[in-house]
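Below: the structure, in structure tokens.
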Number of protein chains: 4
Amino acid sequence: MAHWLLMQCPDERGLIYKVTGVLYAQGLNIVRNSEFVAREEGVFFMRTEFAGSFEAAALLAALRAALPPAASIRLTDNSKKDIVVLVTKEHYCLSELLVRHAFGELNANIRAVISNHEVLGDLTRRFDLPFHYLPHAGRSREQHEAEVLAQLAAYTPDLVVLAKYMRILSPEFVAPYANRLINIHHSFLPAFVGASPYAQAFARGVKIIGATAHFVNEQLDQGPIIAQSVIPIDHTQSAHEMAQAGRDVEKIVLARALQLVLNEQVFVHQNKTVIFD
Amino acid sequence: MAHWLLMQCPDERGLIYKVTGVLYAQGLNIVRNSEFVAREEGVFFMRTEFAGSFEAAALLAALRAALPPAASIRLTDNSKKDIVVLVTKEHYCLSELLVRHAFGELNANIRAVISNHEVLGDLTRRFDLPFHYLPHAGRSREQHEAEVLAQLAAYTPDLVVLAKYMRILSPEFVAPYANRLINIHHSFLPAFVGASPYAQAFARGVKIIGATAHFVNEQLDQGPIIAQSVIPIDHTQSAHEMAQAGRDVEKIVLARALQLVLNEQVFVHQNKTVIFD
Amino acid sequence: MAHWLLMQCPDERGLIYKVTGVLYAQGLNIVRNSEFVAREEGVFFMRTEFAGSFEAAALLAALRAALPPAASIRLTDNSKKDIVVLVTKEHYCLSELLVRHAFGELNANIRAVISNHEVLGDLTRRFDLPFHYLPHAGRSREQHEAEVLAQLAAYTPDLVVLAKYMRILSPEFVAPYANRLINIHHSFLPAFVGASPYAQAFARGVKIIGATAHFVNEQLDQGPIIAQSVIPIDHTQSAHEMAQAGRDVEKIVLARALQLVLNEQVFVHQNKTVIFD
Amino acid sequence: MAHWLLMQCPDERGLIYKVTGVLYAQGLNIVRNSEFVAREEGVFFMRTEFAGSFEAAALLAALRAALPPAASIRLTDNSKKDIVVLVTKEHYCLSELLVRHAFGELNANIRAVISNHEVLGDLTRRFDLPFHYLPHAGRSREQHEAEVLAQLAAYTPDLVVLAKYMRILSPEFVAPYANRLINIHHSFLPAFVGASPYAQAFARGVKIIGATAHFVNEQLDQGPIIAQSVIPIDHTQSAHEMAQAGRDVEKIVLARALQLVLNEQVFVHQNKTVIFD
């Protein structure tokens, strides 16, 4: 089992020394260490993977005693997190996650899949996972979101993954899952925000398209970016063909972003991410 | 010497047959042939590289006789075109072009460099090319553009390259050089249009930055895209460091776009390009 | 339905004219056309997608009459081809194909999966496809290959896909499936031929790894390359982590290569491929 | 001015704590810190950028006192290093370095260019740098290398850059510049070692080509890799066209590798590099 110490703090001299001093005093061995200082904001970030036996409360207490009061300190490990996946009709991001999950590559338990359409129920059940069909038709947005939130709450997920969930979420939906709600957007943000990015890309005649995995915040497509990737295209491709080609990029970027978050490699600060190797 | 036949025409059945028939009848050999049909607009594009001896007027006449009246037909070859480069203060795109030019890799004659600052005069003169310093200070935009246009006109360039020319051009400036005015924009358009794209990219926290070479039209950063390229970045890079890293992308993309245009591989249709191998 | 005319011929003047002449005379419309001349070998390749109603025998006869006797001419279309997939223990390439197949994205019928291990049977059956477990233990290579060939033959596949089949195939196995047997090799060939390419890559300290999809011929890892792709790596990644990261590259490259072959975009000439858009 | 502490040591518990403790005690501020443990060899690497005023001998003494005797410790800074560039006939890597040097982007002084041909003398002199023409014709390899070594020695360079120097170097030449001699190889090593890699790539029909910047050791093309990059190619490109396209990759990779070395971001261990951001 890997243990991680995650620390975020206003920058000051001696922070690495103080953290590593506590670990050294407790006989713990640092396996991997990463630090970063966001100069403009004066914020220090540190992620330490360590090994050895320890008592979590005592270690946390020692760290709090050694570090400035403003430091945010978190001890965690690589035990599996619970996730719920929200989808609409497109299968490929869900397929990617289900396959990785089935073969133990995800370091997470997919507890359930929730959708506003029935179409991906069959796929989900092939992998022996619960599928909840919560249609939005005939419901107000508030009603529908309340139903989805209730179903989500039943699983108390650590993370919620929007794997091509094509509904715009209200701030009320997003708030309880701040920095725990990951979306895949089918463009190289901030190019082509909003609907139909491939149609926009076709119309603009770009030579490269991409995908963006990001945390969701209150504003559509404006949350902290976790991962992006691109592929070249040319004039011969229609918007439909771009969409097909883009699928491979979308699903790989989403899976990679999810892995980064599951491995506790991602810090969020203001509207940006710090991502450690 | 390579000869190219460039044809653009409302699509109809038999166009390839008719063009190749004329070439065959005249004993000309097709070296490379590329076609494309823009389905939505119903437009056919064809670029044929051919070899053999011919009389241009006769060949053109035969083609016009064989093809629909709406066909746009152009016979050209790989003799060197004349270009003039406009710059401001940043050297790297100009350096790239000057070096390629000096070693005969550009298939163009750089006739002169024009700038609104003096700083790149020394570099230009190292390569024995005329440098025209036309300051904008103390002049209206109209006056300054008129001076630049007059200086350009003295060289009757086939193409004008904006190699980091940091002035916004009026439609009056652009019009006489329609589809002959190439700009490099230091972002992956349409992301980060306008000024300071690297600062915008830093603020948004993107994980990839890029550059775009495009023809200039009346609207800033809205012209037909010729080539784009990107590089990955991460949270450790400041806007300044992104700008440094982006230089290599910018200069290579601009050089590649220019080469495509010089090789007559680029068709412009509406606001998009068709680019043949 | 898309119809494709595939032609390969010693190069001579007038080939495009002759092919398009036959199509024009029969009232057929060219949707997309691609040609290439391999200069060094003097071979002409042409792929024409056309639309319209026709009688295949008559069209072929007209083409044969118009073209040199040495021309190889093939008429085909985008009806689904039959494929059989061979695997050993690793799931990710098979998963990729099964998912695409299940959602109709493959333009092929996966008739069966054959393996020398049992481990991927469960996955295959989740997608309602036959799985044949043909163990190699206790059999000579000849015996085992004979059993696999017999099982393959029962499905008369158009293509056989080695989706991480970790057995070296004899020339006798390969011969009947010349240019119809596609393999994914987990390195950027010709770097790291043979076994354990990720271990080789780690030992050599390369900064980029990749994958290669190729037709199989008699020599290990020497067949015509269809598609390659790469990802950057760094010193922090162990051979095992490289292998994990490489999975995404391998499966996407294999799927892309298979799609190119299914779409009849691939010509094989000597030991190389010509691939049309 | 940036100060860097570079440390390499058999791994043991507490190394980060000890280093940062010394810096903290001396009132120095850590600006950026990177560590890596090569697990298989049990070696710890650390690069610390720090700020503040200090006395180098005292700091080194304190570090030596705090760290195990086996630790290799180096204090350095970003003052300009001296480099000499060796070339043969191809200009583009040299051009890239000369231009960057001329505009202060290289963080190095190019003291001179040495070549076994005269052809790049004109380019070098345009940038006001000494060019030494040391022909190999009519000399034994030993004689020629002795002359080049003597000329190099006159400049006491920190680094020697082989910017398309097409001579194979003897171990005797290489030895005095161990880990200080950087070469650009025009292939994606270890694919296509030796001569004419583009011709080899053409013959093999690969779909991607690349370039590799590496330290030179006694064996041709076998030294520690610093940076690699690739570009896609296709069947339409001749070996000559691949070589042209490869130029942009080669020059950018070489410049990037040189920058990494000049910024003291590169550790060499056995035959591999550890490269810190």
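Labels used: A, B, ... for chains in the order of the structure tokens, numbers from 1 for residues in each chain, and numbers from 1 for ligands as shown.
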
So that I can check the surroundings of B:Gln222, please list as a list in words every protein, DNA and RNA residue that reaches within 12 Å of it, counting only C-alpha atoms and ignoring chain neighbours fewer than 6 positions away.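 Near B:Gln222, the qualifying residues are Ala203, Arg204, Gly205 and Val206 of chain A; Asn183, Ile184, His185, Leu189, Pro190, Ala191, Phe192, Val193, Gly194, Thr212, Ala213, His214, Phe215, Val216, Gln270, Asn271 and Lys272 of chain B.
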
Export C-alpha atoms of the chosen residues as an mmCIF file, in the first residue's frame?
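Okay, selection_29.cif is ready:
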```cif
data_model
loop_
_atom_site.group_PDB
_atom_site.id
_atom_site.type_symbol
_atom_site.label_atom_id
_atom_site.label_comp_id
_atom_site.auth_asym_id
_atom_site.auth_seq_id
_atom_site.Cartn_x
_atom_site.Cartn_y
_atom_site.Cartn_z
ATOM 1 C CA ALA A 203 -16.780 25.220 -39.649
ATOM 2 C CA ARG A 204 -13.612 26.975 -38.495
ATOM 3 C CA GLY A 205 -11.365 24.703 -40.527
ATOM 4 C CA VAL A 206 -8.909 23.883 -37.745
ATOM 5 C CA ASN B 183 0.342 35.422 -40.415
ATOM 6 C CA ILE B 184 1.589 33.406 -37.468
ATOM 7 C CA HIS B 185 -0.584 33.617 -34.383
ATOM 8 C CA LEU B 189 -6.748 29.279 -32.667
ATOM 9 C CA PRO B 190 -9.613 29.758 -32.015
ATOM 10 C CA ALA B 191 -8.433 29.488 -28.431
ATOM 11 C CA PHE B 192 -6.995 32.756 -27.139
ATOM 12 C CA VAL B 193 -7.683 35.139 -29.971
ATOM 13 C CA GLY B 194 -6.306 38.616 -29.606
ATOM 14 C CA THR B 212 -1.510 28.822 -35.958
ATOM 15 C CA ALA B 213 -0.400 29.986 -39.401
ATOM 16 C CA HIS B 214 -3.253 31.471 -41.370
ATOM 17 C CA PHE B 215 -4.155 33.764 -44.185
ATOM 18 C CA VAL B 216 -5.171 37.181 -42.965
ATOM 19 C CA GLN B 270 -14.717 30.374 -48.205
ATOM 20 C CA ASN B 271 -12.910 30.600 -44.876
ATOM 21 C CA LYS B 272 -11.141 27.258 -44.995
#
```

Apply DSSP to the structure's backbone, then extract all residues of stretch 8-82 of chain A labelled alpha helix (DSSP H) and return them as a PyMOL selection string. chain A and resi 15-25+56-66

So how many Å separate atom CA of B:Met1 and atom CA of B:Asn78, to one decimal?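 Calculated distance between atom CA of B:Met1 and atom CA of B:Asn78 is 6.3 Å.
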
Skip C:Leu63 itself and residues of its chain fewer than 4 positions away, then list as number ranges by chain all residues within 7 Å of it, counting only C-alpha atoms. C: 19, 22, 59, 67

N, CA and C atoms of the current selection, written as a CSV table (one decimal), in the first residue's frame:
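Wrote it out as again_6.csv, contents follow:
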```csv
chain,number,residue,atom,x,y,z
C,19,VAL,N,-8.9,4.7,-66.3
C,19,VAL,CA,-9.8,4.3,-65.3
C,19,VAL,C,-11.0,5.2,-65.2
C,22,VAL,N,-13.5,4.8,-68.0
C,22,VAL,CA,-14.4,3.6,-67.9
C,22,VAL,C,-15.5,4.0,-67.0
C,59,LEU,N,-18.3,-4.1,-65.5
C,59,LEU,CA,-17.4,-3.1,-65.1
C,59,LEU,C,-15.9,-3.6,-65.1
C,67,LEU,N,-7.2,-1.3,-69.5
C,67,LEU,CA,-5.9,-1.2,-68.7
C,67,LEU,C,-4.9,-2.2,-69.2
```

Contacts between chain A and chain C, please, where a residue of chain C counts if it comes within 12 Å (with only C-alpha atoms); show its shortest atom pair and distance in Å to one decimal, rows by chain and ascending number, as JSON lines.
```
{"residue": "C:Val31", "atom": "CA", "partner": "A:Thr236", "partner_atom": "CA", "distance": 11.7}
{"residue": "C:Arg32", "atom": "CA", "partner": "A:Thr236", "partner_atom": "CA", "distance": 9.8}
{"residue": "C:Asn33", "atom": "CA", "partner": "A:Thr236", "partner_atom": "CA", "distance": 11.7}
{"residue": "C:Lys89", "atom": "CA", "partner": "A:Phe103", "partner_atom": "CA", "distance": 11.5}
{"residue": "C:Glu90", "atom": "CA", "partner": "A:Phe103", "partner_atom": "CA", "distance": 9.8}
{"residue": "C:His91", "atom": "CA", "partner": "A:Phe103", "partner_atom": "CA", "distance": 8.0}
{"residue": "C:Tyr92", "atom": "CA", "partner": "A:Val99", "partner_atom": "CA", "distance": 8.0}
{"residue": "C:Cys93", "atom": "CA", "partner": "A:Val99", "partner_atom": "CA", "distance": 10.9}
{"residue": "C:Leu94", "atom": "CA", "partner": "A:Val99", "partner_atom": "CA", "distance": 10.4}
{"residue": "C:Ser95", "atom": "CA", "partner": "A:Val99", "partner_atom": "CA", "distance": 6.9}
{"residue": "C:Glu96", "atom": "CA", "partner": "A:Glu96", "partner_atom": "CA", "distance": 8.2}
{"residue": "C:Leu97", "atom": "CA", "partner": "A:Ser95", "partner_atom": "CA", "distance": 11.3}
{"residue": "C:Leu98", "atom": "CA", "partner": "A:Ser95", "partner_atom": "CA", "distance": 10.2}
{"residue": "C:Val99", "atom": "CA", "partner": "A:Ser95", "partner_atom": "CA", "distance": 6.9}
{"residue": "C:Arg100", "atom": "CA", "partner": "A:Tyr92", "partner_atom": "CA", "distance": 8.3}
{"residue": "C:His101", "atom": "CA", "partner": "A:Tyr92", "partner_atom": "CA", "distance": 11.7}
{"residue": "C:Ala102", "atom": "CA", "partner": "A:Leu123", "partner_atom": "CA", "distance": 9.0}
{"residue": "C:Phe103", "atom": "CA", "partner": "A:His91", "partner_atom": "CA", "distance": 8.0}
{"residue": "C:Gly104", "atom": "CA", "partner": "A:His91", "partner_atom": "CA", "distance": 11.3}
{"residue": "C:Glu105", "atom": "CA", "partner": "A:Gln244", "partner_atom": "CA", "distance": 9.2}
{"residue": "C:Leu106", "atom": "CA", "partner": "A:Gln244", "partner_atom": "CA", "distance": 11.6}
{"residue": "C:Val119", "atom": "CA", "partner": "A:Phe103", "partner_atom": "CA", "distance": 11.1}
{"residue": "C:Leu120", "atom": "CA", "partner": "A:Phe103", "partner_atom": "CA", "distance": 10.5}
{"residue": "C:Asp122", "atom": "CA", "partner": "A:Phe127", "partner_atom": "CA", "distance": 10.6}
{"residue": "C:Leu123", "atom": "CA", "partner": "A:Ala102", "partner_atom": "CA", "distance": 9.0}
{"residue": "C:Thr124", "atom": "CA", "partner": "A:Arg126", "partner_atom": "CA", "distance": 10.8}
{"residue": "C:Arg125", "atom": "CA", "partner": "A:Arg126", "partner_atom": "CA", "distance": 9.5}
{"residue": "C:Arg126", "atom": "CA", "partner": "A:Arg126", "partner_atom": "CA", "distance": 5.8}
{"residue": "C:Phe127", "atom": "CA", "partner": "A:Arg126", "partner_atom": "CA", "distance": 7.5}
{"residue": "C:Asp128", "atom": "CA", "partner": "A:Arg126", "partner_atom": "CA", "distance": 9.8}
{"residue": "C:Ser229", "atom": "CA", "partner": "A:Ile231", "partner_atom": "CA", "distance": 11.5}
{"residue": "C:Ile231", "atom": "CA", "partner": "A:Ser229", "partner_atom": "CA", "distance": 11.5}
{"residue": "C:Ile233", "atom": "CA", "partner": "A:Asp277", "partner_atom": "CA", "distance": 11.1}
{"residue": "C:Asp234", "atom": "CA", "partner": "A:Asp277", "partner_atom": "CA", "distance": 10.0}
{"residue": "C:His235", "atom": "CA", "partner": "A:Asp277", "partner_atom": "CA", "distance": 11.0}
{"residue": "C:Thr236", "atom": "CA", "partner": "A:Asp277", "partner_atom": "CA", "distance": 8.2}
{"residue": "C:Gln237", "atom": "CA", "partner": "A:Asp277", "partner_atom": "CA", "distance": 9.6}
{"residue": "C:Gln244", "atom": "CA", "partner": "A:Glu105", "partner_atom": "CA", "distance": 9.2}
{"residue": "C:Ala245", "atom": "CA", "partner": "A:Arg256", "partner_atom": "CA", "distance": 9.6}
{"residue": "C:Gly246", "atom": "CA", "partner": "A:Ile252", "partner_atom": "CA", "distance": 11.8}
{"residue": "C:Arg247", "atom": "CA", "partner": "A:Ile252", "partner_atom": "CA", "distance": 10.6}
{"residue": "C:Asp248", "atom": "CA", "partner": "A:Ile252", "partner_atom": "CA", "distance": 7.2}
{"residue": "C:Val249", "atom": "CA", "partner": "A:Ile252", "partner_atom": "CA", "distance": 9.5}
{"residue": "C:Lys251", "atom": "CA", "partner": "A:Asp248", "partner_atom": "CA", "distance": 10.0}
{"residue": "C:Ile252", "atom": "CA", "partner": "A:Asp248", "partner_atom": "CA", "distance": 7.2}
{"residue": "C:Val253", "atom": "CA", "partner": "A:Asp248", "partner_atom": "CA", "distance": 10.3}
{"residue": "C:Ala255", "atom": "CA", "partner": "A:Asp248", "partner_atom": "CA", "distance": 9.9}
{"residue": "C:Arg256", "atom": "CA", "partner": "A:Ala245", "partner_atom": "CA", "distance": 9.6}
{"residue": "C:Gln259", "atom": "CA", "partner": "A:Ala245", "partner_atom": "CA", "distance": 11.5}
{"residue": "C:Phe276", "atom": "CA", "partner": "A:Thr236", "partner_atom": "CA", "distance": 11.7}
{"residue": "C:Asp277", "atom": "CA", "partner": "A:Thr236", "partner_atom": "CA", "distance": 8.2}
```

Near A:Leu159, within 7 Å and counting only C-alpha atoms, which residues show up once chain neighbours fewer than 4 positions away are dropped, as a ChimeraX atom specification? /A:82-84,180-181

Please provide the set of residues having any atom within 12 Å of B:Glu55, restricted to only C-alpha atoms, with same-chain residues fewer than 5 positions apart removed, written as a list in words. His3, Leu23, Gln26, Gly27, Leu28, Leu60, Ala61, Ala62 and Leu75 of chain B

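Note that the spacing between atom CA of C:Lys81 and atom CA of C:Leu260 amounts to 12.7 Å.
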
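You can rank B:His186, B:Gly52, B:Ser72, B:Tyr24 by their closest distance to B:Ala2 using only C-alpha atoms, and at the top of that list sits B:Gly52.
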
Rounded to one decimal in Å, what is the spacing between atom CA of C:Ala146 and atom CA of C:Asp158?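 Rounded to one decimal, the two atoms are 18.6 Å apart.
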
Neighbouring residues of B:Glu35 were defined as those with any atom within 9 Å, considering only C-alpha atoms; residues of the same chain fewer than 4 positions away were excluded. Please report them as a PyMOL selection string. (chain B and resi 16+44-48+276) or (chain C and resi 32-34)

Can those selected residues be exported to a file as a CSV table (one decimal), in the first residue's frame so that it contains N, CA and C atoms?
```
chain,number,residue,atom,x,y,z
B,16,ILE,N,-12.3,14.6,-63.4
B,16,ILE,CA,-11.0,14.0,-63.4
B,16,ILE,C,-10.7,13.5,-64.8
B,44,PHE,N,-15.3,21.0,-56.3
B,44,PHE,CA,-14.3,20.0,-56.6
B,44,PHE,C,-12.9,20.8,-56.7
B,45,PHE,N,-11.9,20.2,-56.1
B,45,PHE,CA,-10.6,20.8,-56.1
B,45,PHE,C,-9.6,19.7,-56.7
B,46,MET,N,-8.7,20.1,-57.5
B,46,MET,CA,-7.7,19.2,-58.1
B,46,MET,C,-6.4,19.9,-58.3
B,47,ARG,N,-5.4,19.2,-57.9
B,47,ARG,CA,-4.0,19.7,-58.1
B,47,ARG,C,-3.2,18.6,-58.8
B,48,THR,N,-2.7,18.9,-59.9
B,48,THR,CA,-2.0,17.9,-60.7
B,48,THR,C,-0.6,18.3,-61.0
B,276,PHE,N,-3.3,19.9,-50.1
B,276,PHE,CA,-2.9,18.6,-50.7
B,276,PHE,C,-1.5,18.2,-50.3
C,32,ARG,N,-14.4,9.7,-54.2
C,32,ARG,CA,-13.0,10.1,-53.7
C,32,ARG,C,-12.0,9.3,-54.5
C,33,ASN,N,-10.9,9.9,-54.8
C,33,ASN,CA,-9.9,9.3,-55.7
C,33,ASN,C,-8.6,9.6,-55.1
C,34,SER,N,-7.7,8.5,-55.1
C,34,SER,CA,-6.4,8.7,-54.6
C,34,SER,C,-5.4,7.9,-55.5
```

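Neighbouring residues of A:Ser238 at 9 Å or closer, counting only C-alpha atoms and skipping chain neighbours under 3 positions away, are A:Tyr198, A:Ala199, A:Phe202, A:His235, A:Glu241, A:Met242, A:Ala243, B:Arg39.
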